[in-house]
Every structure is written in C-alpha cells, then in structure tokens.
Amino acid sequence: MTKIKICGITNPEDAKYAVLFGVDYCGLIFAPSPRQIIKETALRIIKETPNFSNYVGVFLNQKKKFIEEICSYANIKIVQLHGDETPAFCNYFIKRGYDVIKVFRVKDKQTLSEIKRYNKVNLILFDTYSDIQYGGTGNVFDWSILKDSMELKNKKIIVSGGVCSENVKKLIDMVNPYAVDASSKLESETGNKDKTKVKEFIEIVKEYKK
C-alpha cells in the first residue's frame, strides 16, 4: 500500500488529526519557508502525538551541527535534505542512525542521472523544479520521467509537488511510488491544514489499490 507523508505541519492540532486519520509520515520544516517552525514548536507537536514517531525534519543547505541539534532536541529520527547536500553529507547522517530522504527537484530526465551518486540513500523524494524556490510550489512535474527508470531501481520513491486528492490516483497508477507527499494542496491557508482535505486525501490513498 502506498504510504502517505503530509509536510509542512506547523501546529499540534494539524498533527493530531493527520495522525488520527492514519498518516504515515509528518514533515516539520526547519528551513526558510512560510511553513518553517522552531525546535520548541516541533517538540510540542511531537509531545502531543506520543504514539506517533515518524516525524521528518526538513532541512535545506544547513550545517550538520544545526541539524543534529534540532533532531536531538525534538527526538527526530528521519532527516529530509532538500538542498544541494552531497552524498557524503547524507552518509554522515546515515552512519549516525538516521533515515535520510534526499530530495531531487525534477527539471527533466537528466535530473535522474544524479541519483547514482547517492548510492547509500534509499529514500528519494522528487519535487517540482523552480528557479525561485526549493519547494512548496504546489506545481506538478512530469511524472512520466520517473517511469521505468533504471536509476530508481532498489530505491524507495516519494513524489511531491502539487499532489492532491484529484490527481493522486493517477500518480499511483503511473509511478507506483513508495509514498506520496502532500502539503500546500491540503491547506485552508498557508501553514494551516484543512481537516476535511487531509481526511479525504488520506482516505483516497488508503482505499486505492489495497
């Protein structure tokens, strides 16, 4: 069954109902973003969902020490690296017991050629390329780029970028990803998730192709 990640959680209430509805991963953004939170907020969110542990710390071209301090403070075990981090940078966290998600922003098929350098990273997230921002565009890229690619063999693929209730079935049919990742399309306003949209999205994914 396709797993579900909801990113850009900014408050305990949004986290609690995402967990209640059955989300598999929740993303907490510590990089510059309209959905950026501080470590104290992250800890409060995590403490209010004590039976859920799959929180993902999202970082962007930030120092190892900063990432480690945040993750240690909030007890986060999954690190998503959304910038220009090298394979060695990713491997540093893998060696220390973290699960690492490396993000690639898809511009064209050439994007996939970079993946072979990240041979120790098993979780690969694809987002939409933009000249002006690293993520959160709400725009869909050409998913067909990911079909039948040898570069993706033995990798767990997560697809982000404009994913929503209206297109997620098509995405699953085309790519058969390990997980789908939604954020801006599930919001009532920037940084605040819409409970109805979150519930609908999770139900659609969970009921589709069980």
# chains A, B, ... in the order shown; residues from 1 in each chain; ligands from 1
>>> closest_atom_pairs(of="range 77-172 of chain A", to="range 201-208 of chain A", cutoff="12 Å", atoms="only C-alpha atoms", output="JSON lines")
{"residue": "A:Val163", "atom": "CA", "partner": "A:Phe201", "partner_atom": "CA", "distance": 9.5}
{"residue": "A:Cys164", "atom": "CA", "partner": "A:Phe201", "partner_atom": "CA", "distance": 6.7}
{"residue": "A:Ser165", "atom": "CA", "partner": "A:Phe201", "partner_atom": "CA", "distance": 5.0}
{"residue": "A:Glu166", "atom": "CA", "partner": "A:Phe201", "partner_atom": "CA", "distance": 8.7}
{"residue": "A:Asn167", "atom": "CA", "partner": "A:Phe201", "partner_atom": "CA", "distance": 10.1}
{"residue": "A:Val168", "atom": "CA", "partner": "A:Val205", "partner_atom": "CA", "distance": 7.3}
{"residue": "A:Lys169", "atom": "CA", "partner": "A:Tyr208", "partner_atom": "CA", "distance": 7.3}
{"residue": "A:Lys170", "atom": "CA", "partner": "A:Tyr208", "partner_atom": "CA", "distance": 10.7}
{"residue": "A:Leu171", "atom": "CA", "partner": "A:Val205", "partner_atom": "CA", "distance": 10.5}
{"residue": "A:Ile172", "atom": "CA", "partner": "A:Val205", "partner_atom": "CA", "distance": 8.7}
>>> write_last_selection(atoms="C-alpha atoms", output="compact mmCIF listing (two decimals), in the first residue's frame")
# COMPACT_ATOMS: atom_id res chain seq x y z
CA VAL A 163 -0.09 16.20 -5.12
CA CYS A 164 -3.75 16.29 -4.06
CA SER A 165 -6.94 14.25 -3.90
CA GLU A 166 -7.75 14.98 -7.53
CA ASN A 167 -4.51 13.63 -9.01
CA VAL A 168 -3.09 11.13 -6.53
CA LYS A 169 -4.73 8.08 -8.15
CA LYS A 170 -3.14 8.98 -11.47
CA LEU A 171 0.21 9.38 -9.75
CA ILE A 172 -0.03 5.97 -8.08
>>> select_by_dssp(residues="chain A", states="strand (DSSP E or B)", output="number ranges by chain")
A: 3-6, 25-29, 36, 55-59, 78-81, 99-106, 123-128, 156-159, 179-182, 187-189, 192-193
>>> write_last_selection(atoms="C-alpha atoms", output="CSV table (one decimal), in the first residue's frame")
chain,number,residue,atom,x,y,z
A,3,LYS,CA,2.4,5.4,2.2
A,4,ILE,CA,1.4,9.0,3.0
A,5,LYS,CA,3.5,11.9,4.0
A,6,ILE,CA,2.0,15.2,4.9
A,25,TYR,CA,4.9,10.5,8.0
A,26,CYS,CA,4.6,14.1,9.1
A,27,GLY,CA,7.1,16.7,7.8
A,28,LEU,CA,8.3,19.5,10.1
A,29,ILE,CA,10.2,22.3,8.2
A,36,GLN,CA,9.1,27.0,8.9
A,55,TYR,CA,8.3,12.8,12.1
A,56,VAL,CA,10.6,14.1,9.3
A,57,GLY,CA,12.8,17.1,9.9
A,58,VAL,CA,13.1,19.0,6.7
A,59,PHE,CA,16.4,20.9,6.1
A,78,ILE,CA,14.2,11.0,9.9
A,79,VAL,CA,16.1,13.8,8.1
A,80,GLN,CA,14.9,15.2,4.7
A,81,LEU,CA,17.7,17.1,2.9
A,99,ASP,CA,16.9,7.6,8.0
A,100,VAL,CA,17.7,10.1,5.2
A,101,ILE,CA,15.4,11.3,2.5
A,102,LYS,CA,17.3,13.1,-0.3
A,103,VAL,CA,15.2,15.5,-2.4
A,104,PHE,CA,15.7,16.0,-6.1
A,105,ARG,CA,13.9,18.8,-7.9
A,106,VAL,CA,12.8,17.4,-11.3
A,123,LEU,CA,14.6,7.2,0.2
A,124,ILE,CA,14.4,9.6,-2.7
A,125,LEU,CA,11.9,12.3,-2.9
A,126,PHE,CA,11.0,14.1,-6.1
A,127,ASP,CA,9.7,17.6,-6.1
A,128,THR,CA,9.0,20.2,-8.8
A,156,LYS,CA,12.0,3.9,-2.3
A,157,ILE,CA,10.4,6.8,-4.2
A,158,ILE,CA,8.4,9.6,-2.7
A,159,VAL,CA,6.6,12.0,-5.0
A,179,ALA,CA,4.9,7.2,-0.7
A,180,VAL,CA,3.1,10.3,-1.8
A,181,ASP,CA,3.8,13.7,-0.2
A,182,ALA,CA,1.2,16.5,0.0
A,187,GLU,CA,-4.3,23.8,3.3
A,188,SER,CA,-7.0,26.2,4.2
A,189,GLU,CA,-4.3,28.9,4.3
A,192,ASN,CA,-2.7,25.6,8.3
A,193,LYS,CA,-4.0,22.3,7.1
>>> residues_around(residues="range 40-50 of chain A", least_positions_apart="3", cutoff="8 Å", atoms="only C-alpha atoms", output="PyMOL selection string")
chain A and resi 10-12+15-16+19+28+37+53+55+73-75
>>> atom_distance(atom1="CA of Asn54 in chain A", atom2="CA of Pro177 in chain A")
18.1 Å
